[in-house]
file protein_21.cif (mmCIF, C-alpha atoms and all ligand atoms)
data_run
#
loop_
_atom_site.label_atom_id
_atom_site.label_comp_id
_atom_site.auth_asym_id
_atom_site.auth_seq_id
_atom_site.Cartn_x
_atom_site.Cartn_y
_atom_site.Cartn_z
CA MET A 970 51.62 56.75 -0.59
CA GLY A 971 53.11 53.59 0.94
CA ARG A 972 52.62 50.10 -0.45
CA PHE A 973 51.13 47.74 2.09
CA ALA A 974 51.40 43.98 2.53
CA VAL A 975 48.69 42.39 4.66
CA ILE A 976 49.41 39.27 6.74
CA LEU A 977 46.47 37.27 8.05
CA PRO A 978 47.53 34.76 10.72
CA ALA A 979 45.02 31.91 10.30
CA ALA A 980 47.05 28.96 11.58
CA GLY A 981 45.61 28.72 15.11
CA ARG A 982 44.03 25.68 16.73
CA SER A 983 40.69 27.24 17.83
CA SER A 984 41.07 25.34 21.11
CA ARG A 985 38.82 27.77 23.02
CA PHE A 986 36.15 27.73 20.30
CA GLY A 987 34.80 24.39 21.45
CA ASP A 988 33.80 22.92 18.09
CA PRO A 989 35.65 19.67 17.33
CA LYS A 990 34.31 19.66 13.75
CA GLN A 991 35.36 23.10 12.57
CA LYS A 992 37.87 25.83 13.37
CA LYS A 993 36.47 29.32 13.99
CA ILE A 994 38.05 30.91 10.92
CA TYR A 995 36.21 28.43 8.65
CA ALA A 996 32.81 29.00 10.31
CA GLU A 997 30.43 30.78 7.94
CA ILE A 998 28.52 33.99 8.56
CA GLU A 999 25.73 34.39 6.01
CA GLY A 1000 27.52 31.97 3.68
CA ARG A 1001 30.98 33.58 3.82
CA ALA A 1002 33.84 32.14 5.89
CA VAL A 1003 35.14 34.22 8.81
CA TRP A 1004 38.67 34.41 7.32
CA LEU A 1005 37.35 35.73 3.98
CA ARG A 1006 35.29 38.37 5.80
CA SER A 1007 38.48 39.38 7.62
CA VAL A 1008 40.23 39.88 4.24
CA ASP A 1009 37.35 41.82 2.61
CA PRO A 1010 38.04 45.36 3.93
CA PHE A 1011 41.63 45.23 2.62
CA LEU A 1012 40.48 44.39 -0.89
CA LYS A 1013 38.89 47.85 -1.15
CA HIS A 1014 42.15 49.66 -0.35
CA ASP A 1015 44.17 50.82 -3.39
CA ASP A 1016 47.54 50.72 -1.57
CA VAL A 1017 47.38 47.01 -0.70
CA ALA A 1018 49.97 45.30 -2.90
CA GLN A 1019 49.91 41.81 -1.34
CA ILE A 1020 47.72 39.69 0.94
CA ILE A 1021 49.26 36.66 2.66
CA VAL A 1022 47.09 34.15 4.52
CA ALA A 1023 49.00 31.77 6.81
CA ILE A 1024 47.13 28.54 7.52
CA ALA A 1025 47.84 25.47 9.65
CA GLU A 1026 49.66 22.56 8.02
CA GLU A 1027 46.76 20.20 8.76
CA ASP A 1028 44.26 22.53 7.04
CA GLN A 1029 46.00 22.61 3.65
CA GLU A 1030 43.78 20.04 1.96
CA LEU A 1031 40.53 21.56 3.28
CA PHE A 1032 41.69 25.06 2.38
CA ASP A 1033 42.63 24.13 -1.15
CA ARG A 1034 39.36 22.24 -1.70
CA ARG A 1035 37.09 24.95 -0.34
CA TYR A 1036 38.85 28.17 -1.26
CA ARG A 1037 41.14 27.50 -4.26
CA GLU A 1038 38.95 29.59 -6.60
CA SER A 1039 38.50 32.52 -4.20
CA VAL A 1040 42.24 32.57 -3.48
CA ALA A 1041 43.10 32.63 -7.19
CA PHE A 1042 40.45 35.24 -7.98
CA LEU A 1043 41.58 37.55 -5.15
CA GLY A 1044 45.31 36.99 -5.81
CA ILE A 1045 46.02 35.88 -2.23
CA ASP A 1046 49.31 34.17 -1.29
CA VAL A 1047 48.82 31.15 1.00
CA ILE A 1048 51.60 29.87 3.28
CA VAL A 1049 51.87 27.49 6.22
CA GLY A 1050 52.06 29.11 9.67
CA GLY A 1051 53.87 28.06 12.85
CA ALA A 1052 53.23 26.76 16.36
CA GLU A 1053 52.63 30.18 17.98
CA ARG A 1054 51.01 33.26 16.46
CA SER A 1055 54.38 35.04 16.35
CA ASP A 1056 55.94 32.06 14.51
CA THR A 1057 53.18 32.37 11.94
CA VAL A 1058 53.78 36.10 11.47
CA ALA A 1059 57.56 35.52 11.26
CA SER A 1060 57.08 33.01 8.41
CA ALA A 1061 54.72 35.35 6.55
CA LEU A 1062 57.09 38.26 6.94
CA GLU A 1063 59.72 36.37 4.95
CA ARG A 1064 57.28 36.27 2.02
CA VAL A 1065 56.48 39.99 1.86
CA LYS A 1066 57.22 41.42 -1.60
CA PRO A 1067 60.20 43.82 -1.85
CA GLU A 1068 58.03 46.73 -3.04
CA CYS A 1069 55.98 46.78 0.21
CA ASP A 1070 57.25 49.36 2.68
CA PHE A 1071 54.50 48.77 5.28
CA VAL A 1072 53.14 45.53 6.72
CA ALA A 1073 49.70 45.16 8.31
CA VAL A 1074 48.92 42.16 10.51
CA HIS A 1075 45.23 41.33 11.02
CA ASP A 1076 43.78 38.30 12.84
CA ALA A 1077 41.86 36.04 10.46
CA ALA A 1078 39.45 35.69 13.40
CA ARG A 1079 38.31 39.37 13.32
CA PRO A 1080 35.65 39.45 10.59
CA CYS A 1081 33.90 42.74 11.49
CA LEU A 1082 36.67 45.16 10.53
CA THR A 1083 35.56 48.02 8.26
CA ALA A 1084 37.29 49.63 5.27
CA ASP A 1085 37.19 52.97 7.13
CA GLN A 1086 39.16 51.46 10.02
CA VAL A 1087 41.71 50.08 7.57
CA ALA A 1088 42.12 53.51 5.96
CA ALA A 1089 42.53 55.19 9.39
CA VAL A 1090 45.16 52.76 10.71
CA PHE A 1091 47.11 52.78 7.42
CA LYS A 1092 47.19 56.60 7.52
CA ALA A 1093 48.41 56.62 11.14
CA ALA A 1094 51.13 54.07 10.31
CA GLU A 1095 52.36 56.30 7.49
CA ALA A 1096 52.46 59.28 9.87
CA HIS A 1097 54.01 57.53 12.91
CA GLY A 1098 55.75 54.41 11.55
CA ALA A 1099 53.52 52.06 13.58
CA ALA A 1100 49.83 52.08 14.52
CA LEU A 1101 47.16 49.79 15.88
CA LEU A 1102 43.42 49.81 16.45
CA ALA A 1103 42.55 49.76 20.15
CA THR A 1104 39.65 50.62 22.45
CA PRO A 1105 39.82 52.30 25.87
CA VAL A 1106 39.11 50.12 28.91
CA PHE A 1107 35.73 51.23 30.30
CA GLU A 1108 35.33 48.70 33.09
CA THR A 1109 36.96 48.39 36.52
CA ILE A 1110 40.02 46.15 36.40
CA LYS A 1111 40.70 43.62 39.17
CA ARG A 1112 43.81 41.57 39.84
CA ALA A 1113 43.04 38.26 41.56
CA ASN A 1114 45.10 35.53 43.20
CA ALA A 1115 45.12 31.89 42.13
CA ASP A 1116 41.96 31.25 44.21
CA ARG A 1117 40.11 33.93 42.20
CA LEU A 1118 39.92 36.27 45.18
CA THR A 1119 40.48 39.89 44.29
CA THR A 1120 43.68 41.34 45.64
CA GLU A 1121 43.89 44.68 43.90
CA THR A 1122 42.02 47.17 41.71
CA VAL A 1123 44.21 48.25 38.82
CA SER A 1124 43.92 51.81 37.51
CA ARG A 1125 42.39 51.88 34.05
CA ASP A 1126 43.87 55.28 33.23
CA ASN A 1127 45.48 55.11 29.79
CA LEU A 1128 44.69 51.41 29.43
CA PHE A 1129 43.58 50.15 26.01
CA LEU A 1130 42.54 46.81 24.58
CA ALA A 1131 44.72 46.00 21.58
CA GLN A 1132 42.98 44.95 18.39
CA THR A 1133 44.17 44.34 14.86
CA PRO A 1134 45.09 45.53 12.25
CA GLN A 1135 48.49 46.49 13.61
CA VAL A 1136 50.51 48.23 10.90
CA PHE A 1137 54.24 48.90 10.78
CA ARG A 1138 57.04 50.22 8.68
CA ARG A 1139 58.38 47.05 7.19
CA ASP A 1140 61.97 47.65 8.40
CA TRP A 1141 60.75 48.12 12.00
CA LEU A 1142 58.73 44.91 11.98
CA VAL A 1143 61.56 42.95 10.36
CA GLU A 1144 64.01 44.21 13.01
CA ALA A 1145 61.49 43.51 15.82
CA TYR A 1146 61.10 39.92 14.62
CA ALA A 1147 64.84 39.45 14.14
CA ARG A 1148 65.27 40.43 17.82
CA ARG A 1149 62.21 38.64 19.21
CA ALA A 1150 64.32 36.12 21.18
CA GLU A 1151 65.37 39.08 23.41
CA HIS A 1152 61.71 39.56 24.37
CA GLY A 1153 61.75 36.64 26.83
CA LYS A 1154 58.11 35.54 26.70
CA ALA A 1155 55.93 34.77 23.68
CA ALA A 1156 54.42 37.95 22.28
CA THR A 1157 50.63 37.84 21.93
CA ASP A 1158 50.61 40.72 19.48
CA ASP A 1159 53.08 42.43 17.14
CA THR A 1160 53.17 45.85 18.76
CA GLN A 1161 54.85 44.24 21.83
CA LEU A 1162 57.85 43.37 19.70
CA VAL A 1163 58.02 46.77 17.99
CA GLU A 1164 57.65 48.60 21.35
CA ALA A 1165 60.49 46.41 22.69
CA ILE A 1166 62.91 47.79 20.08
CA GLY A 1167 61.99 51.35 21.05
CA HIS A 1168 59.23 52.40 18.64
CA PRO A 1169 55.95 53.57 20.20
CA CYS A 1170 52.84 52.58 18.22
CA ALA A 1171 50.05 55.11 17.61
CA ILE A 1172 46.59 54.20 18.87
CA VAL A 1173 43.75 54.60 16.38
CA PRO A 1174 40.20 54.33 17.80
CA GLY A 1175 38.91 50.80 17.25
CA SER A 1176 35.44 49.54 18.05
CA SER A 1177 34.05 46.82 20.28
CA HIS A 1178 32.44 45.59 17.04
CA ASN A 1179 35.89 44.66 15.73
CA LEU A 1180 35.87 41.66 18.04
CA LYS A 1181 38.15 38.62 17.86
CA ILE A 1182 36.24 35.36 17.71
CA THR A 1183 37.53 33.20 20.54
CA THR A 1184 34.39 31.37 21.77
CA GLN A 1185 31.02 30.39 20.27
CA ASP A 1186 29.50 33.46 21.95
CA ASP A 1187 31.88 35.66 19.99
CA LEU A 1188 30.75 34.05 16.73
CA ALA A 1189 27.12 34.85 17.64
CA MET A 1190 28.17 38.41 18.46
CA ALA A 1191 30.03 38.80 15.14
CA LYS A 1192 26.93 37.56 13.29
CA ALA A 1193 24.81 40.15 15.12
CA VAL A 1194 27.25 42.97 14.32
CA LEU A 1195 27.34 42.10 10.62
CA ASP A 1196 23.57 41.65 10.51
CA LEU A 1197 23.03 45.06 12.13
CA ARG A 1198 25.50 46.65 9.72
CA GLU A 1199 23.80 45.04 6.72
CA LYS A 1200 20.34 46.24 7.84
CA ALA A 1201 21.66 49.74 8.53
CA ARG A 1202 23.31 50.17 5.13
CA PRO A 1203 22.12 53.41 3.51
CA ALA A 1204 21.34 51.65 0.25
CA ALA A 1205 19.33 48.99 2.06
CA CYS A 1206 16.87 51.28 3.80
CA GLY A 1207 17.38 54.78 2.41
CA HIS A 1208 18.23 56.43 5.75
CA PRO A 1209 19.96 59.84 5.67
CA TYR A 1210 23.55 58.68 6.19
CA ALA A 1211 25.51 58.42 2.97
CA ASP A 1212 28.73 57.73 4.88
CA GLU A 1213 29.00 54.59 7.01
CA GLN A 1214 31.41 56.06 9.58
CA ALA A 1215 29.14 59.07 10.18
CA MET A 1216 26.28 56.72 10.86
CA TRP A 1217 28.31 54.61 13.29
CA ASN A 1218 29.40 57.75 15.13
CA ASP A 1219 25.75 58.77 15.56
CA LEU A 1220 24.43 55.31 16.33
CA PRO A 1221 24.20 55.77 20.14
CA ARG A 1222 21.88 58.76 19.59
CA LEU A 1223 19.68 57.26 16.87
CA LYS A 1224 16.20 55.85 17.27
CA PRO A 1225 15.37 52.68 15.30
CA SER A 1226 12.96 54.74 13.17
CA ASP A 1227 15.87 56.94 12.01
CA LEU A 1228 17.43 53.87 10.47
CA PHE A 1229 14.55 51.69 9.47
CA GLY A 1230 11.72 54.20 8.92
CA GLY A 1231 8.27 53.95 10.52
N1 LIG A 1301 50.03 29.39 15.83
C1 LIG A 1301 49.11 30.29 15.56
C2 LIG A 1301 48.17 30.72 16.53
C3 LIG A 1301 47.20 31.65 16.16
N2 LIG A 1301 47.15 32.11 14.90
C4 LIG A 1301 46.10 33.05 14.49
O1 LIG A 1301 46.16 34.20 15.29
C5 LIG A 1301 44.83 34.76 15.44
C6 LIG A 1301 44.54 35.03 16.90
O2 LIG A 1301 44.78 33.85 17.66
P1 LIG A 1301 43.71 33.13 18.60
O3 LIG A 1301 42.45 33.87 18.65
O4 LIG A 1301 44.38 32.76 19.87
O5 LIG A 1301 43.42 31.83 17.72
P2 LIG A 1301 43.64 30.31 18.02
O6 LIG A 1301 45.07 30.07 18.37
O7 LIG A 1301 43.08 29.58 16.85
O8 LIG A 1301 42.67 30.08 19.28
P3 LIG A 1301 42.93 29.27 20.63
O9 LIG A 1301 43.99 30.06 21.38
O10 LIG A 1301 41.60 29.27 21.28
O11 LIG A 1301 43.42 27.90 20.25
C7 LIG A 1301 43.87 33.76 14.81
O12 LIG A 1301 43.44 34.28 13.56
C8 LIG A 1301 44.70 32.51 14.67
O13 LIG A 1301 44.32 31.68 13.56
C9 LIG A 1301 48.09 31.70 13.95
O14 LIG A 1301 48.04 32.13 12.81
N3 LIG A 1301 49.06 30.80 14.30
C1 LIG A 1302 46.63 40.11 18.45
C2 LIG A 1302 45.45 40.19 19.37
O1 LIG A 1302 44.27 39.96 18.67
C3 LIG A 1302 45.35 41.59 19.95
O2 LIG A 1302 44.31 41.65 20.85
C4 LIG A 1302 45.56 39.23 20.52
O3 LIG A 1302 46.65 39.59 21.32
C5 LIG A 1302 45.61 37.79 20.13
O4 LIG A 1302 45.58 37.07 21.34
P1 LIG A 1302 45.50 35.50 21.49
O5 LIG A 1302 46.24 35.24 22.73
O6 LIG A 1302 46.13 34.92 20.27
O7 LIG A 1302 44.04 35.19 21.61
#

call {"tool": "encode", "arguments": {"input": "protein_21.cif", "output": "structure tokens", "more": "lines below"}}
Ligand SMILES: Nc1ccn([C@@H]2O[C@H](COP(=O)(O)OP(=O)(O)OP(=O)(O)O)[C@@H](O)[C@H]2O)c(=O)n1
Ligand SMILES: C[C@](O)(CO)[C@H](O)COP(=O)(O)O
result
Amino acid sequence: MGRFAVILPAAGRSSRFGDPKQKKIYAEIEGRAVWLRSVDPFLKHDDVAQIIVAIAEEDQELFDRRYRESVAFLGIDVIVGGAERSDTVASALERVKPECDFVAVHDAARPCLTADQVAAVFKAAEAHGAALLATPVFETIKRANADRLTTETVSRDNLFLAQTPQVFRRDWLVEAYARRAEHGKAATDDTQLVEAIGHPCAIVPGSSHNLKITTQDDLAMAKAVLDLREKARPAACGHPYADEQAMWNDLPRLKPSDLFGG
């Protein structure tokens, strides 16, 4: 089995979140910060050897004050990120321990990831060298001009929405970052850079529930997802599903009474 380092980019500005008092990753859902919820599913995985959280320079004092004990207890390494997401990942990559042969990158702003999804994307990365969670595009895609008038309908065949975690052989990701200047424009995710050096990345089925918090609406949605998941837990209500993934697979066909009795 590989040894995995996990990088959580958490150094963004939350400019689209629209809350001047608090960045999205520090918002709390049922008393636990979004960034800590994003770390949680990795803590359950035996092959995780290191977790690195990269925060913004201006958040250092707040982070230390609020999370010093959690960080020490969980053995998390904290570093300062950069101006763009890829700068943040590049800095974190330099801190990965030598014994880690795979690196997972997961947005600190995706708090609804599950341990089963982590296990699936780790396994695919071991098999293919690189893997990411993604969901198929189900809606009709329009291209518009600057006046917001549609000009074209784009085929959605084989189109996917990229999520995180994105997991790579360490040597591939290091090479991709070493050559990122060749890429031309800023990469919005890490698979772009790995694809650019010639390595396809395997798609592992994600879920719309693994959403990235960008706006306040997304925070409300993440709260609803986690609330639903908490209520649907087998131990909480004694429904017949012992395995969480089996329950999620069946969810579209279930009646509320199957989950909650009555
Ligand atoms: N310089 C940056 C920019 C982004 N991120 C992180 O990358 C993830 C995805 O970025 P995004 O959702 O765009 O976050 P923000 O940059 O904070 O949001 P916005 O673009 O609205 O300012 C987030 O966990 C964010 O903290 C980062 O670590 N360093
Ligand atoms: C990495 C990512 O979450 C994959 O969907 C996304 O690309 C981040 O995008 P943003 O431009 O930083 O919001």

call {"tool": "closest_atom_pairs", "arguments": {"input": "protein_21.cif", "of": "region 995-1030 of chain A", "to": "region 1074-1095 of chain A", "cutoff": "7 Å", "atoms": "all atoms listed in the file", "output": "CSV"}}
result
residue,atom,partner,partner_atom,distance
A:Val1003,CA,A:Pro1080,CA,5.5
A:Trp1004,CA,A:Ala1077,CA,4.8
A:Arg1006,CA,A:Pro1080,CA,4.9
A:Ser1007,CA,A:Pro1080,CA,4.1
A:Pro1010,CA,A:Ala1084,CA,4.5
A:Phe1011,CA,A:Ala1084,CA,6.7
A:Lys1013,CA,A:Ala1084,CA,6.9

call {"tool": "axis_aligned_box", "arguments": {"input": "protein_21.cif", "around": "ligand LIG 1301 (chain A)", "padding_each_side": "5 Å", "output": "JSON"}}
result
{"center_x": 45.8, "center_y": 31.5, "center_z": 17.1, "size_x": 18.4, "size_y": 17.1, "size_z": 18.6}

call {"tool": "residues_near_ligand", "arguments": {"input": "protein_21.cif", "ligand": "ligand LIG 1301 (chain A)", "cutoff": "6 Å", "atoms": "only C-alpha atoms and all ligand atoms", "output": "list in words"}}
result
Pro978, Ala979, Ala980, Gly981, Arg982, Ser983, Ser984, Arg985, Phe986, Gly1050, Gly1051, Ala1052, Glu1053, Arg1054, Thr1057, Asp1076, Ala1077, Ala1078 and Thr1183 of chain A

call {"tool": "residues_near_ligand", "arguments": {"input": "protein_21.cif", "ligand": "ligand LIG 1302 (chain A)", "cutoff": "7 Å", "atoms": "all atoms listed in the file", "output": "list in words"}}
result
Arg1054, Asp1076, Leu1130, Ala1131, Gln1132, Thr1133, Thr1157, Asp1158, Asp1159, Lys1181 and Thr1183 of chain A

call {"tool": "atom_distance", "arguments": {"input": "protein_21.cif", "atom1": "CA of Arg1037 (chain A)", "atom2": "CA of Val1008 (chain A)"}}
result
15.0 Å

call {"tool": "closest_residue", "arguments": {"input": "protein_21.cif", "among": "A:Ser1177, A:Gln1029, A:Ser1060, A:Gln1019", "to": "Ile1045 (chain A)", "atoms": "only C-alpha atoms"}}
result
A:Gln1019

call {"tool": "residues_around", "arguments": {"input": "protein_21.cif", "residues": "Ala1165 (chain A)", "least_positions_apart": "4", "cutoff": "8 Å", "atoms": "all atoms listed in the file", "output": "JSON, numbers by chain"}}
result
{"A": [1145, 1152, 1161]}

call {"tool": "closest_residue", "arguments": {"input": "protein_21.cif", "among": "A:Val1072, A:Val1017, A:Ala1189, A:Val1163", "to": "Ala996 (chain A)", "atoms": "only C-alpha atoms"}}
result
A:Ala1189

call {"tool": "atom_distance", "arguments": {"input": "protein_21.cif", "atom1": "CA of Ala1099 (chain A)", "atom2": "CA of Ile1172 (chain A)"}}
result
9.0 Å

call {"tool": "atom_distance", "arguments": {"input": "protein_21.cif", "atom1": "CA of Ala1171 (chain A)", "atom2": "CA of Phe1129 (chain A)"}}
result
11.7 Å

call {"tool": "closest_residue", "arguments": {"input": "protein_21.cif", "among": "A:Glu1144, A:Glu1164, A:Glu1151, A:Asp988", "to": "Ala1059 (chain A)", "atoms": "only C-alpha atoms"}}
result
A:Glu1144

call {"tool": "closest_residue", "arguments": {"input": "protein_21.cif", "among": "A:Arg1117, A:Arg972, A:His1097, A:Arg1149", "to": "Cys1069 (chain A)", "atoms": "all atoms listed in the file"}}
result
A:Arg972

call {"tool": "closest_residue", "arguments": {"input": "protein_21.cif", "among": "A:Arg1138, A:Lys1111, A:Arg1064, A:Arg1001", "to": "Arg1125 (chain A)", "atoms": "all atoms listed in the file"}}
result
A:Lys1111

call {"tool": "closest_residue", "arguments": {"input": "protein_21.cif", "among": "A:Ala1113, A:Ala1103, A:Ala1156, A:Ala1147", "to": "His1178 (chain A)", "atoms": "all atoms listed in the file"}}
result
A:Ala1103

call {"tool": "residues_near_point", "arguments": {"input": "protein_21.cif", "point": "(57.4, 34.7, 3.0)", "cutoff": "12 Å", "atoms": "all atoms listed in the file", "output": "compact mmCIF listing (two decimals) with C-alpha atoms, keeping the file's coordinate frame"}}
result
# COMPACT_ATOMS: atom_id res chain seq x y z
CA ALA A 974 51.40 43.98 2.53
CA VAL A 975 48.69 42.39 4.66
CA ILE A 976 49.41 39.27 6.74
CA GLN A 1019 49.91 41.81 -1.34
CA ILE A 1020 47.72 39.69 0.94
CA ILE A 1021 49.26 36.66 2.66
CA VAL A 1022 47.09 34.15 4.52
CA ALA A 1023 49.00 31.77 6.81
CA ASP A 1046 49.31 34.17 -1.29
CA VAL A 1047 48.82 31.15 1.00
CA ILE A 1048 51.60 29.87 3.28
CA VAL A 1049 51.87 27.49 6.22
CA GLY A 1050 52.06 29.11 9.67
CA ASP A 1056 55.94 32.06 14.51
CA THR A 1057 53.18 32.37 11.94
CA VAL A 1058 53.78 36.10 11.47
CA ALA A 1059 57.56 35.52 11.26
CA SER A 1060 57.08 33.01 8.41
CA ALA A 1061 54.72 35.35 6.55
CA LEU A 1062 57.09 38.26 6.94
CA GLU A 1063 59.72 36.37 4.95
CA ARG A 1064 57.28 36.27 2.02
CA VAL A 1065 56.48 39.99 1.86
CA LYS A 1066 57.22 41.42 -1.60
CA PRO A 1067 60.20 43.82 -1.85
CA VAL A 1143 61.56 42.95 10.36

call {"tool": "decode", "arguments": {"input": "protein_21.cif", "residues": "region 1107-1160 of chain A", "atoms": "C-alpha atoms", "output": "PDB file, in the first residue's frame"}}
result
ATOM      1  CA  PHE A1107     -26.360  16.381 -16.549  1.00  0.00           C
ATOM      2  CA  GLU A1108     -27.527  19.769 -17.773  1.00  0.00           C
ATOM      3  CA  THR A1109     -27.441  21.431 -21.195  1.00  0.00           C
ATOM      4  CA  ILE A1110     -24.339  23.563 -21.628  1.00  0.00           C
ATOM      5  CA  LYS A1111     -24.521  26.987 -23.296  1.00  0.00           C
ATOM      6  CA  ARG A1112     -21.724  29.245 -24.462  1.00  0.00           C
ATOM      7  CA  ALA A1113     -22.679  32.932 -24.353  1.00  0.00           C
ATOM      8  CA  ASN A1114     -21.129  36.153 -25.624  1.00  0.00           C
ATOM      9  CA  ALA A1115     -20.171  39.109 -23.439  1.00  0.00           C
ATOM     10  CA  ASP A1116     -23.786  40.376 -23.545  1.00  0.00           C
ATOM     11  CA  ARG A1117     -24.981  37.066 -22.047  1.00  0.00           C
ATOM     12  CA  LEU A1118     -26.713  36.048 -25.262  1.00  0.00           C
ATOM     13  CA  THR A1119     -26.337  32.383 -26.076  1.00  0.00           C
ATOM     14  CA  THR A1120     -24.219  31.681 -29.113  1.00  0.00           C
ATOM     15  CA  GLU A1121     -23.764  27.938 -28.972  1.00  0.00           C
ATOM     16  CA  THR A1122     -24.881  24.731 -27.249  1.00  0.00           C
ATOM     17  CA  VAL A1123     -21.861  22.707 -26.210  1.00  0.00           C
ATOM     18  CA  SER A1124     -22.067  18.910 -26.283  1.00  0.00           C
ATOM     19  CA  ARG A1125     -22.018  17.459 -22.785  1.00  0.00           C
ATOM     20  CA  ASP A1126     -20.813  14.062 -23.978  1.00  0.00           C
ATOM     21  CA  ASN A1127     -17.914  12.953 -21.778  1.00  0.00           C
ATOM     22  CA  LEU A1128     -17.960  16.201 -19.808  1.00  0.00           C
ATOM     23  CA  PHE A1129     -17.370  16.016 -16.053  1.00  0.00           C
ATOM     24  CA  LEU A1130     -17.253  18.504 -13.211  1.00  0.00           C
ATOM     25  CA  ALA A1131     -13.937  18.175 -11.397  1.00  0.00           C
ATOM     26  CA  GLN A1132     -14.023  17.862  -7.628  1.00  0.00           C
ATOM     27  CA  THR A1133     -11.411  17.107  -5.017  1.00  0.00           C
ATOM     28  CA  PRO A1134      -9.666  15.044  -3.699  1.00  0.00           C
ATOM     29  CA  GLN A1135      -7.304  14.804  -6.646  1.00  0.00           C
ATOM     30  CA  VAL A1136      -4.604  12.235  -5.918  1.00  0.00           C
ATOM     31  CA  PHE A1137      -1.287  11.702  -7.691  1.00  0.00           C
ATOM     32  CA  ARG A1138       1.921   9.772  -7.650  1.00  0.00           C
ATOM     33  CA  ARG A1139       4.178  12.182  -5.863  1.00  0.00           C
ATOM     34  CA  ASP A1140       6.824  12.216  -8.642  1.00  0.00           C
ATOM     35  CA  TRP A1141       4.168  13.121 -11.252  1.00  0.00           C
ATOM     36  CA  LEU A1142       2.801  16.000  -9.196  1.00  0.00           C
ATOM     37  CA  VAL A1143       6.292  17.298  -8.391  1.00  0.00           C
ATOM     38  CA  GLU A1144       7.219  17.239 -12.092  1.00  0.00           C
ATOM     39  CA  ALA A1145       3.886  18.870 -13.062  1.00  0.00           C
ATOM     40  CA  TYR A1146       4.519  21.712 -10.609  1.00  0.00           C
ATOM     41  CA  ALA A1147       8.149  22.094 -11.680  1.00  0.00           C
ATOM     42  CA  ARG A1148       6.879  22.620 -15.251  1.00  0.00           C
ATOM     43  CA  ARG A1149       3.794  24.689 -14.426  1.00  0.00           C
ATOM     44  CA  ALA A1150       5.220  27.847 -16.060  1.00  0.00           C
ATOM     45  CA  GLU A1151       4.828  26.014 -19.418  1.00  0.00           C
ATOM     46  CA  HIS A1152       1.079  25.807 -18.786  1.00  0.00           C
ATOM     47  CA  GLY A1153       0.489  29.444 -19.785  1.00  0.00           C
ATOM     48  CA  LYS A1154      -2.579  30.279 -17.695  1.00  0.00           C
ATOM     49  CA  ALA A1155      -3.180  29.750 -13.976  1.00  0.00           C
ATOM     50  CA  ALA A1156      -4.393  26.223 -13.304  1.00  0.00           C
ATOM     51  CA  THR A1157      -7.639  26.053 -11.324  1.00  0.00           C
ATOM     52  CA  ASP A1158      -7.035  22.456 -10.331  1.00  0.00           C
ATOM     53  CA  ASP A1159      -4.080  20.074 -10.098  1.00  0.00           C
ATOM     54  CA  THR A1160      -5.146  17.542 -12.706  1.00  0.00           C
TER      55      THR A1160
END
